[in-house]
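Dumped query.cif below, it's mmCIF, C-alpha atoms:
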```cif
data_target
#
loop_
_atom_site.label_atom_id
_atom_site.label_comp_id
_atom_site.auth_asym_id
_atom_site.auth_seq_id
_atom_site.Cartn_x
_atom_site.Cartn_y
_atom_site.Cartn_z
CA MET A 879 -77.11 4.45 17.44
CA GLY A 880 -78.49 3.70 20.85
CA SER A 881 -75.03 3.20 22.39
CA THR A 882 -74.49 4.32 25.96
CA PHE A 883 -71.16 5.46 27.36
CA GLU A 884 -70.53 5.90 31.05
CA TYR A 885 -67.67 8.02 32.40
CA VAL A 886 -66.52 8.54 35.97
CA VAL A 887 -65.05 11.97 36.63
CA GLU A 888 -63.02 12.39 39.81
CA VAL A 889 -61.70 15.67 41.12
CA THR A 890 -59.10 15.55 43.86
CA ASP A 891 -57.76 18.35 46.00
CA ASP A 892 -55.27 18.42 48.87
CA ALA A 893 -57.96 20.04 51.04
CA ARG A 894 -60.39 17.12 50.55
CA VAL A 895 -60.09 13.71 52.14
CA GLU A 896 -62.17 12.00 49.48
CA ALA A 897 -62.30 12.78 45.78
CA LEU A 898 -65.40 14.45 44.39
CA THR A 899 -66.91 11.87 42.03
CA ASN A 900 -69.46 12.39 39.28
CA ILE A 901 -70.83 9.81 36.88
CA LEU A 902 -71.53 11.03 33.39
CA THR A 903 -73.71 8.94 31.08
CA LEU A 904 -73.86 9.75 27.36
CA LYS A 905 -76.46 8.11 25.17
CA VAL A 906 -76.09 8.27 21.38
CA ILE A 907 -79.39 9.02 19.67
CA SER A 908 -80.35 9.46 16.06
CA LYS A 909 -80.09 12.85 14.41
CA ASN A 910 -83.03 15.06 15.29
CA VAL A 911 -84.93 15.90 12.13
CA ARG A 912 -86.74 19.19 12.62
CA SER A 913 -89.71 20.22 10.60
CA GLY A 914 -89.76 23.70 9.15
CA GLY A 915 -91.44 26.57 10.89
CA THR A 916 -94.37 28.60 9.69
CA GLY A 917 -92.17 30.89 7.63
CA LEU A 918 -93.50 33.90 9.52
CA ARG A 919 -91.19 36.11 11.48
CA THR A 920 -92.17 37.14 14.93
CA GLU A 921 -90.98 40.35 16.47
CA THR A 922 -88.78 39.64 19.45
CA GLY A 923 -86.11 41.40 21.37
CA ASN A 924 -85.51 44.28 23.65
CA ARG A 925 -88.45 46.52 24.46
CA GLY A 926 -86.44 48.90 26.65
CA LYS A 927 -85.41 52.45 25.89
CA GLY A 928 -82.09 53.19 24.27
CA ASN A 929 -80.36 52.89 20.96
CA LEU A 930 -78.61 49.54 21.35
CA GLY A 931 -79.83 45.97 21.58
CA SER A 932 -82.59 45.79 18.99
CA SER A 933 -83.11 42.44 17.31
CA ALA A 934 -82.23 44.04 13.94
CA GLN A 935 -78.67 44.61 15.12
CA LEU A 936 -78.25 40.92 15.88
CA ALA A 937 -79.64 39.50 12.65
CA LEU A 938 -77.19 38.24 10.05
CA PRO A 939 -77.45 39.87 6.64
CA PRO A 940 -78.11 37.94 3.43
CA ILE A 941 -74.90 35.96 2.77
CA VAL A 942 -74.07 34.78 -0.75
CA PRO A 943 -71.19 32.30 -1.09
CA VAL A 944 -69.25 32.98 -4.31
CA SER A 945 -67.16 30.21 -5.85
CA GLU A 946 -64.43 30.71 -8.45
CA LYS A 947 -67.03 30.33 -11.22
CA GLY A 948 -68.70 33.55 -10.00
CA TRP A 949 -65.55 35.64 -9.52
CA GLU A 950 -65.86 37.58 -12.77
CA LYS A 951 -69.52 38.44 -12.14
CA HIS A 952 -68.68 39.90 -8.71
CA GLY A 953 -65.25 41.38 -9.47
CA PHE A 954 -63.43 38.86 -7.25
CA ASP A 955 -59.95 37.42 -7.51
CA GLU A 956 -58.17 34.74 -5.48
CA SER A 957 -57.44 37.10 -2.58
CA THR A 958 -60.86 38.77 -2.34
CA ALA A 959 -62.59 37.74 0.88
CA LEU A 960 -65.81 39.77 1.14
CA LYS A 961 -67.70 42.36 -0.85
CA ILE A 962 -70.87 44.07 0.25
CA LYS A 963 -73.46 45.60 -2.01
CA HIS A 964 -76.40 47.82 -1.19
CA ALA A 965 -79.50 45.67 -1.33
CA GLU A 966 -82.49 46.71 -3.39
CA SER A 967 -85.95 46.65 -1.90
CA ALA A 968 -88.66 44.47 -3.36
CA ASP A 969 -89.94 47.40 -5.45
CA GLY A 970 -86.46 47.99 -6.93
CA GLY A 971 -85.60 50.97 -4.75
CA ASP A 972 -82.79 51.48 -2.27
CA ALA A 973 -83.08 49.49 0.96
CA SER A 974 -81.32 52.14 3.10
CA ASP A 975 -78.75 50.47 5.34
CA VAL A 976 -79.33 46.93 4.07
CA TYR A 977 -76.44 45.17 2.35
CA ASP A 978 -75.95 41.79 0.73
CA PHE A 979 -72.69 40.08 1.72
CA TYR A 980 -70.76 38.16 -0.95
CA VAL A 981 -68.10 35.84 0.51
CA ASN A 982 -65.38 34.23 -1.62
CA VAL A 983 -65.51 30.56 -0.62
CA ASP A 984 -62.62 29.83 -3.00
CA ASN A 985 -60.37 32.44 -1.38
CA ARG A 986 -56.71 31.46 -1.75
CA TYR A 987 -55.95 31.58 1.98
CA LEU A 988 -59.06 29.63 2.92
CA LYS A 989 -58.08 26.90 0.44
CA ILE A 990 -54.47 26.80 1.72
CA THR A 991 -55.67 26.44 5.33
CA GLN A 992 -58.14 23.72 4.32
CA LYS A 993 -55.28 21.74 2.71
CA GLU A 994 -52.68 22.29 5.43
CA THR A 995 -54.69 21.50 8.57
CA LYS A 996 -56.57 18.49 9.86
CA THR A 997 -59.60 20.63 10.72
CA ASP A 998 -62.77 19.79 8.79
CA PRO A 999 -62.73 21.90 5.58
CA GLY A 1000 -66.47 22.60 5.96
CA LEU A 1001 -65.92 24.01 9.45
CA LEU A 1002 -63.06 26.19 8.20
CA GLU A 1003 -65.29 27.51 5.43
CA LYS A 1004 -68.03 28.39 7.93
CA GLN A 1005 -65.49 30.10 10.22
CA PHE A 1006 -64.20 32.09 7.26
CA ILE A 1007 -67.68 33.06 6.03
CA TYR A 1008 -69.06 34.14 9.40
CA GLY A 1009 -65.80 35.76 10.47
CA MET A 1010 -65.63 37.89 7.34
CA VAL A 1011 -69.32 38.81 7.66
CA LEU A 1012 -68.79 39.88 11.28
CA VAL A 1013 -65.82 42.04 10.25
CA GLY A 1014 -67.99 43.61 7.53
CA LEU A 1015 -70.79 44.26 10.01
CA ALA A 1016 -68.34 45.85 12.46
CA LEU A 1017 -67.06 48.17 9.72
CA LEU A 1018 -70.61 49.14 8.77
CA GLN A 1019 -71.46 49.85 12.40
CA GLU A 1020 -68.28 51.87 12.88
CA GLN A 1021 -69.02 53.97 9.78
CA LYS A 1022 -72.57 54.58 11.02
CA GLU A 1023 -71.17 55.89 14.33
CA GLN A 1024 -68.64 58.08 12.48
CA MET A 1025 -71.44 59.60 10.38
CA LYS A 1026 -73.40 60.46 13.53
CA HIS A 1027 -70.50 62.32 15.12
CA ALA A 1028 -68.72 63.81 12.10
CA THR A 1029 -68.47 67.59 11.92
CA VAL A 1030 -68.50 69.48 8.64
CA GLY A 1031 -65.02 69.72 7.11
CA SER A 1032 -63.34 67.36 9.61
CA ASP A 1033 -61.22 64.31 8.91
CA ASP A 1034 -64.03 62.27 10.50
CA GLU A 1035 -66.45 63.55 7.86
CA HIS A 1036 -64.11 62.50 5.04
CA TYR A 1037 -63.56 59.09 6.67
CA ALA A 1038 -67.28 58.58 7.21
CA GLU A 1039 -68.12 59.45 3.61
CA GLU A 1040 -65.48 57.17 2.10
CA SER A 1041 -67.03 54.25 0.24
CA ILE A 1042 -67.90 51.62 2.86
CA GLU A 1043 -68.09 48.98 0.14
CA LYS A 1044 -64.46 49.65 -0.83
CA ARG A 1045 -63.32 49.75 2.81
CA VAL A 1046 -64.95 46.39 3.60
CA THR A 1047 -63.32 44.81 0.54
CA LEU A 1048 -59.85 46.15 1.42
CA VAL A 1049 -59.96 45.33 5.13
CA THR A 1050 -61.23 41.77 4.65
CA LYS A 1051 -58.70 41.21 1.86
CA ALA A 1052 -55.95 42.24 4.29
CA LEU A 1053 -57.33 39.99 7.07
CA ALA A 1054 -57.90 36.89 4.91
CA PRO A 1055 -54.30 35.54 5.07
CA ILE A 1056 -54.20 35.63 8.88
CA PHE A 1057 -57.84 35.15 9.82
CA LEU A 1058 -58.14 31.36 10.13
CA PRO A 1059 -54.69 30.92 11.75
CA MET A 1060 -55.67 33.66 14.21
CA VAL A 1061 -58.98 31.92 15.03
CA ASP A 1062 -57.10 28.66 15.57
CA ALA A 1063 -54.48 30.31 17.82
CA ILE A 1064 -57.08 32.16 19.89
CA GLY A 1065 -59.21 29.02 20.19
CA GLY A 1066 -56.21 27.11 21.52
CA LEU A 1067 -55.45 29.55 24.34
CA SER A 1068 -55.84 28.50 27.94
CA MET A 1069 -55.59 30.26 31.28
CA ASP A 1070 -52.14 28.68 31.72
CA ASP A 1071 -50.69 30.47 28.69
CA GLU A 1072 -48.31 33.30 29.46
CA ASN A 1073 -49.02 36.84 28.30
#
```

Kindly present the structure from the file in structure tokens form.
Amino acid sequence: MGSTFEYVVEVTDDARVEALTNILTLKVISKNVRSGGTGLRTETGNRGKGNLGSSAQLALPPIVPVSEKGWEKHGFDESTALKIKHAESADGGDASDVYDFYVNVDNRYLKITQKETKTDPGLLEKQFIYGMVLVGLALLQEQKEQMKHATVGSDDEHYAEESIEKRVTLVTKALAPIFLPMVDAIGGLSMDDEN
């Protein structure tokens, strides 16, 4: 704590006579302990016209990590990645388009990746959780769009009416074995990589 590190960064170019020099000073400080907020939500976000960009579309849903101990309760197995379930409102009724997201934090492929790489296991778990949730949200959004545009008796109508809960479970189960290696590969790309 309280250590200071100073770095000199020089950028040279054939077109410059002198190097461009910057001095970077880093000071290590103690962890910032934040006090909690008021607990009240404020309404923020886009006030413009249109059907995209509301703050509700950007909010993460309720996420429930499920360990192996909870597999039976939620119908999970070692390869299950994510299940969604319609949320109930406070009065016990249906909460419309609100879902709870149950993520298998003891997924077989997550555990294998945590053992085989040097990446922090906690970071890998967070990548897995939020990645699976984002895939689930994308599938929900896509189904919502399909429902808007489906015509009676069309293949789109059948697709749109198919159980979204089942689709999310199957798609995330299929993605789980490749998800973290894919994130790692994409994160390691640079502009110098060939197509």

If the box runs along x, y and z of the file and leaves 5 Å on each side of stretch 937-955 of chain A, what are its centre and edge lengths in Å, one decimal, as lines of an AutoDock Vina configuration file?
```
center_x = -69.8
center_y = 35.8
center_z = -0.1
size_x = 29.7
size_y = 21.2
size_z = 35.4
```

- Query: Given the file above and the PyMOL selection byres ((chain A and resi 965) around 6), which residues are selected, and can you give them as a list in words?
  - Reply: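 Here the PyMOL selection byres ((chain A and resi 965) around 6) matches His964, Glu966, Ala973, Val976, Tyr977 and Asp978 of chain A.
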
- Query: Using all atoms listed in the file, which of A:Ser945, A:Gln1005, A:Thr882, A:Ser1041 sits nearest A:Gly1065?
  - Reply: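 Of the candidates, the smallest distance to A:Gly1065 is held by A:Gln1005.
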
- Message: One decimal, in Å: what's the spacing between atom CA of A:Leu938 and atom CA of A:Lys996?
- Response: 28.6 Å

- Which residues fall under the PyMOL selection byres ((chain A and resi 981-986) around 7) in this file, as a list in words?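 So the PyMOL selection byres ((chain A and resi 981-986) around 7) ends up selecting Val942, Pro943, Val944, Ser945, Glu946, Glu956, Ser957, Thr958, Ala959, Leu960, Lys961, Phe979, Tyr980, Tyr987, Leu988, Lys989, Ile990, Glu1003 and Ile1007 of chain A.
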
- Query: Which distance in Å separates atom CA of A:Ala1028 and atom CA of A:Leu1048, to one decimal?
  - Reply: 22.5 Å

- Just say which residues the PyMOL selection byres ((chain A and resi 889) around 9) picks in this file, as a count of residues only. 8

- atom CA of A:Thr991 and atom CA of A:Leu1012, how far apart in Å?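 Between atom CA of A:Leu1012 and atom CA of A:Thr991 the gap is 19.7 Å.
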
- Query: Taking only C-alpha atoms into account, which of A:Met1069, A:Ile901, A:Val1061, A:Val895 comes nearest A:Met1010?
  - Reply: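 Once distances to A:Met1010 are computed over only C-alpha atoms, the minimum belongs to A:Val1061.
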